[in-house]
Every structure is written in structure tokens, then in C-alpha cells.
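Have a look at the structure below before the remarks.
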Amino acid sequence: MLAFISALVVFLGVAFVMTTQSAKKTTSSKKVPTVGILQLETHPALDAIHRGILAGLKEYGYVPGKTVKIDYQNAQGDQSNLKTMSQKFINENADETIAIATPAAQALANAAGKQTPVILAGITDPVGGGLIKSNTKPGANITGTSGESPLKSHLDLLRQLVPKAKKIGIIYTTSDHGGEYNAKKFAKICRQAGIAYKLYTISSTNDMQQVAETMASQVDAVYAPQDNGVASAMKTLVSVTSKANIPVIPAVDTMVKDGGLATLSVDQYQLGKLSGEMAARVLQGKATATYPVELITKGKMTLNLSEAKQLGLKFPASVLKEAKQKGVIYK
């Protein structure tokens, strides 16, 4: 009898341990990861990247509210908000963070301290921005996508659409590393092509009206690079330049929708979608340190017919054909 009771106790003990381990395993397998998404501010290009990120995560089975918890924060252009929101993700033990715009990426990188993975979403010049060691081997907890503008194609398009332009105004935001990088690189391309240009800067969107008025009186065309401050104030810029009959060639498709004349640009939604897919793979265990940054530089033709009409310009047949076949036309 005693032997039977001893055997029963041992059996129940083993069963208890196995049941507990099984329960832990089940709980672990059902753990819902938390992803913090930090967006610098609201404007159409960044909003499109955000939508793309969610679509990319969903492609890999991470559905917000069901199989992944998304903590979305928008700093509304405030640097102090970027720092606070980044630290919030770390304090909440987020499994991963995603940065939309360079200042957001820099804030997340500082808060993460080379621990929590940071995924870049369309960040211009991540090496120059001090985020990673190289695009091929980022080296730590950061990887993602970079959507560097096809700047030479932008200049070619400008010269094709505004052949009489003798001087180009280039505007960027002083606090936006990506904007400054693109503006100065575009200026170098102009210089190499023997085209006169002048750089103009804003420190915030509040400066746009005054700077645009000055610029419109001094140049024949304007180039607006991939720059968050300029993108946010795009409608203000165009309201000034259109009255002066000065065309604006922007770097991003959403900036054409906001009044720019035309561009060849990387699709911001697709850029975000690729970032979301990379974020999903990192959640599944892929190491960021050896995960190369995905570079997207090919653009699609995007035209604004109403802006062209207002400026008295006509798109060449070849440009119209390309936009109809592979691009976007706003009427």
C-alpha cells in the first residue's frame, strides 16, 4: 500500500511539472510583441510611410491589436517630444522600435543604447546621420530602409520642363540632416552641370512665407528636396511661387500633390512597406547588426496638370507617356 501511495505521489508531481512547463510554453508562444513607432511630424509623405509599415508587418502576420501591439507616437515636430516618446518605448520594454524621419531615428537610437532594435523607415543618409557604421553591415541594433532621392534625374527633369531657367533656388531646413544632405548634394550636381543656383534655408515652417517670397524674386525655378520641414510647408511655398510664375520641382510624390510641378520619386508607401517587412523579420530573430540597409533609389514619374496649366507650361509627350504608364498624374 505504501509503495502504491509513493508511486502515486511521484506520478502527480511529474504531471504537475509537465503541466506547468506546458502552460509556460503555451503562454510564451502566444506572447504578443510590442512595437513602438515614432513619427517626427504629420505630413503626407511621412503618413504614407506609416501606412506602409503597418502593411509590411501585416504581410508577415503581425496584425495590430491582434498579433502585435503597436504604440504609435507622433512628436508633431517637437524635439523634446522625440526624446520623451523614445524613452517611453524603452521604459515599456518594447520589443522593437521603428523611426519615421532622421530626427526620430536619432532619438530612438540614443534611448535604445544599442539594445532594443531600431528599424529605419526611409532615412536619408543613415551613415552620415551617425546611426550606423555602414549600409552593408550596420554593426549594432539598427537597420532598415533608406530612400535616397535620384537627384541627377530631378535636375534632368527640371531642365526638360523649364529649359529657360538660368538660376535655381534650393531650399532646406537647417535642423533636418536629410534635407541639408539632399540640398547640398543637389547643389553640387548643379555646379558640375554649370547651372547657377542659390541655397535658401528655413529653421522652421514659420519661416517659409518670408523665405519663399525672397527666393521667388531671385530665381527662375525652385528645387524642394526630401526635407520634412519643406514638405510640411509645401502648400505655403507653392502659394508664393505660383503667384510669381516660378515652378517648383520637389523630391517626393506627395509634394507634387501639394502643388509641386513634377518629380521622379521613390514611392513613400512602398518604402514604409519594405521597412515593415524588415521589422517583422527582426521580430522573428534576424540580427540587425548584419542585416544590410535596403536602398531604394528608383522613382516613378508624378505630374500635376493643374499646376502646369497655371504656370503656362506643357509636359513633353515622353514625360506624359511615362507618367501614364508607370506613374501618377494629378489633374
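In the C-alpha cells, chains take letters A, B, ... by order of appearance, with residues numbered from 1 within each chain and ligands from 1 in the order shown.
Backbone DSSP of region 90-135 of chain A yields helix (DSSP H, G or I) at Ile90, Asn91, Thr102, Pro103, Ala104, Ala105, Gln106, Ala107, Leu108, Ala109, Asn110, Ala111 and Ala112 of chain A.
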Region 169-174 of chain A environment, 12 Å, only C-alpha atoms, sequence neighbours closer than 5 positions dropped, as an MDAnalysis selection string: chainID A and resid 155 158 179:190 195:208 211:234 237 241 246:251
Each residue of region 210-286 of chain A with at least one atom at most 7 Å from region 304-325 of chain A should appear once, together with its nearest atom pair and the corresponding distance in Å (one decimal); atoms considered: only C-alpha atoms; ordering: chain, then increasing residue number; output as a Markdown table.
```
| residue | atom | partner | partner_atom | distance |
| --- | --- | --- | --- | --- |
| A:Ser242 | CA | A:Leu311 | CA | 6.9 |
| A:Asn245 | CA | A:Leu311 | CA | 5.6 |
| A:Val256 | CA | A:Asn304 | CA | 6.3 |
| A:Lys257 | CA | A:Asn304 | CA | 6.8 |
| A:Gly259 | CA | A:Glu307 | CA | 6.5 |
| A:Gly260 | CA | A:Asn304 | CA | 6.9 |
| A:Leu261 | CA | A:Asn304 | CA | 5.3 |
| A:Ala262 | CA | A:Asn304 | CA | 6.1 |
```
So that I have them on file, write out the residues from the current selection with N, CA, C and O atoms, as an mmCIF file, in the first residue's frame.
```
data_model
loop_
_atom_site.group_PDB
_atom_site.id
_atom_site.type_symbol
_atom_site.label_atom_id
_atom_site.label_comp_id
_atom_site.auth_asym_id
_atom_site.auth_seq_id
_atom_site.Cartn_x
_atom_site.Cartn_y
_atom_site.Cartn_z
ATOM 1 N N SER A 242 3.812 80.140 -57.165
ATOM 2 C CA SER A 242 2.852 80.102 -58.277
ATOM 3 C C SER A 242 2.434 81.514 -58.681
ATOM 4 O O SER A 242 2.285 81.813 -59.872
ATOM 5 N N ASN A 245 4.892 82.907 -60.839
ATOM 6 C CA ASN A 245 5.104 82.078 -62.043
ATOM 7 C C ASN A 245 6.426 81.312 -61.999
ATOM 8 O O ASN A 245 7.095 81.131 -63.023
ATOM 9 N N VAL A 256 4.215 66.775 -54.910
ATOM 10 C CA VAL A 256 3.587 67.157 -56.181
ATOM 11 C C VAL A 256 2.088 67.307 -55.970
ATOM 12 O O VAL A 256 1.463 68.249 -56.447
ATOM 13 N N LYS A 257 1.517 66.408 -55.223
ATOM 14 C CA LYS A 257 0.078 66.504 -54.915
ATOM 15 C C LYS A 257 -0.234 67.804 -54.167
ATOM 16 O O LYS A 257 -1.313 68.385 -54.317
ATOM 17 N N GLY A 259 1.135 70.626 -54.735
ATOM 18 C CA GLY A 259 1.332 71.810 -55.564
ATOM 19 C C GLY A 259 2.609 71.845 -56.377
ATOM 20 O O GLY A 259 2.794 72.766 -57.179
ATOM 21 N N GLY A 260 3.512 70.894 -56.178
ATOM 22 C CA GLY A 260 4.718 70.842 -56.994
ATOM 23 C C GLY A 260 4.370 70.528 -58.444
ATOM 24 O O GLY A 260 3.287 70.026 -58.745
ATOM 25 N N LEU A 261 5.299 70.811 -59.369
ATOM 26 C CA LEU A 261 5.018 70.610 -60.796
ATOM 27 C C LEU A 261 5.168 69.143 -61.199
ATOM 28 O O LEU A 261 4.273 68.572 -61.850
ATOM 29 N N ALA A 262 6.275 68.521 -60.832
ATOM 30 C CA ALA A 262 6.519 67.134 -61.257
ATOM 31 C C ALA A 262 7.730 66.581 -60.511
ATOM 32 O O ALA A 262 8.559 67.344 -59.994
#
```
Expected answer as a ChimeraX atom specification: strand (DSSP E or B) residues in region 156-285 of chain A: /A:167-173,196-202,221-224,248-250,262-265
Within 9 Å of region 272-292 of chain A, which residues of region 80-107 of chain A show up? Give each one with its shortest atom-to-atom distance in Å (one decimal) and the two atoms involved, counting only C-alpha atoms, rows by chain then rising residue number, as a Markdown table.
```
| residue | atom | partner | partner_atom | distance |
| --- | --- | --- | --- | --- |
| A:Asp95 | CA | A:Leu283 | CA | 7.6 |
| A:Glu96 | CA | A:Leu283 | CA | 7.4 |
| A:Thr97 | CA | A:Ala279 | CA | 8.5 |
| A:Ile98 | CA | A:Ala279 | CA | 7.7 |
| A:Ile100 | CA | A:Gly272 | CA | 8.7 |
```
Residues from the last selection, N, CA and C atoms, saved as an mmCIF file, in the first residue's frame:
```cif
data_model
loop_
_atom_site.group_PDB
_atom_site.id
_atom_site.type_symbol
_atom_site.label_atom_id
_atom_site.label_comp_id
_atom_site.auth_asym_id
_atom_site.auth_seq_id
_atom_site.Cartn_x
_atom_site.Cartn_y
_atom_site.Cartn_z
ATOM 1 N N ASP A 95 9.588 45.566 -27.742
ATOM 2 C CA ASP A 95 10.445 44.559 -28.373
ATOM 3 C C ASP A 95 11.230 45.153 -29.530
ATOM 4 N N GLU A 96 10.719 46.245 -30.082
ATOM 5 C CA GLU A 96 11.346 46.832 -31.272
ATOM 6 C C GLU A 96 10.775 48.235 -31.456
ATOM 7 N N THR A 97 11.565 49.121 -32.079
ATOM 8 C CA THR A 97 11.053 50.453 -32.391
ATOM 9 C C THR A 97 11.296 50.757 -33.868
ATOM 10 N N ILE A 98 10.467 51.621 -34.430
ATOM 11 C CA ILE A 98 10.588 51.985 -35.844
ATOM 12 C C ILE A 98 10.581 53.513 -35.943
ATOM 13 N N ILE A 100 10.388 57.034 -38.160
ATOM 14 C CA ILE A 100 9.977 57.696 -39.399
ATOM 15 C C ILE A 100 10.564 59.102 -39.386
#
```
Distance criterion (only C-alpha atoms): nearest to Pro33 (chain A) out of A:Lys166, A:Lys152, A:Lys298, A:Lys69: A:Lys69
Residue contacts of region 41-46 of chain A (8 Å, only C-alpha atoms) excluding same-chain residues fewer than 6 positions away, as a list in words: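 Returned residues: Asn74, Ala75, Gln76, Gly77, Ile100, Ala101, Asn228, Ala231, Ser232, Val252, Asp253, Thr254, Met255 and Gln268 of chain A.
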For the residues in that selection, give me N, CA and C atoms as a short mmCIF file (atom, residue, chain, number, x, y, z; two decimals), in the first residue's frame.
```cif
data_model
loop_
_atom_site.label_atom_id
_atom_site.label_comp_id
_atom_site.auth_asym_id
_atom_site.auth_seq_id
_atom_site.Cartn_x
_atom_site.Cartn_y
_atom_site.Cartn_z
N ASN A 74 3.47 60.41 -32.31
CA ASN A 74 3.79 61.47 -33.28
C ASN A 74 4.29 62.68 -32.50
N ALA A 75 5.54 63.07 -32.75
CA ALA A 75 6.15 64.16 -31.97
C ALA A 75 5.68 65.54 -32.42
N GLN A 76 4.94 65.62 -33.50
CA GLN A 76 4.43 66.91 -34.02
C GLN A 76 5.56 67.93 -34.18
N GLY A 77 6.73 67.44 -34.59
CA GLY A 77 7.84 68.35 -34.89
C GLY A 77 8.57 68.88 -33.67
N ILE A 100 10.39 57.03 -38.16
CA ILE A 100 9.98 57.70 -39.40
C ILE A 100 10.56 59.10 -39.39
N ALA A 101 11.62 59.33 -40.14
CA ALA A 101 12.39 60.58 -40.28
C ALA A 101 13.64 60.53 -39.40
N ASN A 228 11.73 67.29 -44.30
CA ASN A 228 10.46 67.27 -43.57
C ASN A 228 9.88 68.66 -43.35
N ALA A 231 8.54 69.84 -46.73
CA ALA A 231 7.33 69.07 -47.07
C ALA A 231 6.13 69.55 -46.27
N SER A 232 6.35 69.86 -45.00
CA SER A 232 5.24 70.33 -44.15
C SER A 232 4.72 71.68 -44.61
N VAL A 252 9.54 64.49 -53.74
CA VAL A 252 8.63 63.43 -53.29
C VAL A 252 7.27 63.55 -53.98
N ASP A 253 6.67 62.41 -54.28
CA ASP A 253 5.38 62.40 -54.99
C ASP A 253 4.29 63.15 -54.23
N THR A 254 4.23 63.01 -52.90
CA THR A 254 3.19 63.70 -52.14
C THR A 254 3.35 65.22 -52.20
N MET A 255 4.57 65.69 -52.46
CA MET A 255 4.80 67.13 -52.57
C MET A 255 4.30 67.66 -53.92
N GLN A 268 6.62 56.52 -51.33
CA GLN A 268 6.78 56.56 -49.87
C GLN A 268 6.06 55.40 -49.18
#
```
Shell of 6 Å around Gly36 (chain A), only C-alpha atoms, local chain residues under 6 positions omitted, as a PyMOL selection string: chain A and resi 70-72+97
Store the residues of this selection in a file with all heavy atoms, as a PDB file, in the first residue's frame.
```pdb
ATOM      1  N   ILE A  70       0.883  47.822 -31.291  1.00  0.00           N
ATOM      2  CA  ILE A  70       1.553  48.981 -31.873  1.00  0.00           C
ATOM      3  C   ILE A  70       1.366  50.185 -30.966  1.00  0.00           C
ATOM      4  O   ILE A  70       0.240  50.571 -30.646  1.00  0.00           O
ATOM      5  CB  ILE A  70       0.981  49.313 -33.279  1.00  0.00           C
ATOM      6  CG1 ILE A  70       1.174  48.142 -34.248  1.00  0.00           C
ATOM      7  CG2 ILE A  70       1.639  50.582 -33.818  1.00  0.00           C
ATOM      8  CD1 ILE A  70       2.611  47.838 -34.601  1.00  0.00           C
ATOM      9  N   ASP A  71       2.474  50.754 -30.530  1.00  0.00           N
ATOM     10  CA  ASP A  71       2.436  52.002 -29.758  1.00  0.00           C
ATOM     11  C   ASP A  71       2.919  53.106 -30.698  1.00  0.00           C
ATOM     12  O   ASP A  71       4.112  53.277 -30.906  1.00  0.00           O
ATOM     13  CB  ASP A  71       3.331  51.896 -28.524  1.00  0.00           C
ATOM     14  CG  ASP A  71       3.221  53.138 -27.639  1.00  0.00           C
ATOM     15  OD1 ASP A  71       2.548  54.108 -28.040  1.00  0.00           O
ATOM     16  OD2 ASP A  71       3.816  53.135 -26.540  1.00  0.00           O
ATOM     17  N   TYR A  72       1.978  53.825 -31.310  1.00  0.00           N
ATOM     18  CA  TYR A  72       2.319  54.864 -32.290  1.00  0.00           C
ATOM     19  C   TYR A  72       2.390  56.227 -31.599  1.00  0.00           C
ATOM     20  O   TYR A  72       1.444  56.629 -30.905  1.00  0.00           O
ATOM     21  CB  TYR A  72       1.270  54.890 -33.408  1.00  0.00           C
ATOM     22  CG  TYR A  72       1.393  56.076 -34.334  1.00  0.00           C
ATOM     23  CD1 TYR A  72       2.448  56.176 -35.230  1.00  0.00           C
ATOM     24  CD2 TYR A  72       0.445  57.108 -34.305  1.00  0.00           C
ATOM     25  CE1 TYR A  72       2.566  57.262 -36.068  1.00  0.00           C
ATOM     26  CE2 TYR A  72       0.549  58.197 -35.151  1.00  0.00           C
ATOM     27  CZ  TYR A  72       1.616  58.279 -36.030  1.00  0.00           C
ATOM     28  OH  TYR A  72       1.731  59.369 -36.856  1.00  0.00           O
ATOM     29  N   THR A  97      11.565  49.121 -32.079  1.00  0.00           N
ATOM     30  CA  THR A  97      11.053  50.453 -32.391  1.00  0.00           C
ATOM     31  C   THR A  97      11.296  50.757 -33.868  1.00  0.00           C
ATOM     32  O   THR A  97      12.228  50.208 -34.470  1.00  0.00           O
ATOM     33  CB  THR A  97      11.721  51.551 -31.536  1.00  0.00           C
ATOM     34  OG1 THR A  97      13.135  51.536 -31.795  1.00  0.00           O
ATOM     35  CG2 THR A  97      11.479  51.312 -30.060  1.00  0.00           C
TER      36      THR A  97
END
```
Selected residue of minimal separation from Pro103 (chain A) among A:Val127, A:Leu38, A:Ala55, A:Ala140, counting only C-alpha atoms: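 Looking only at the distances to Pro103 (chain A), the closest residue turns out to be A:Leu38.
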For Pro117 (chain A), the nearest of the candidates A:Val266, A:Val68, A:Val35, A:Ala104, counting only C-alpha atoms: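 Selected residue with least distance to Pro117 (chain A): A:Val35.
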Nearest to Ile132 (chain A), chosen from A:Leu82, A:Leu264, A:Ala107, A:Val293, with only C-alpha atoms counted in the distances: A:Val293
Between CA of Lys58 (chain A) and CA of Gln87 (chain A) - distance in Å to one decimal: 25.8 Å
Distance in Å - CA of Val328 (chain A) versus CA of Leu271 (chain A):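 The value is 16.6 Å.
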Straight-line distance linking CA of Thr116 (chain A) with CA of Gln39 (chain A), stated in Å to one decimal: 17.4 Å
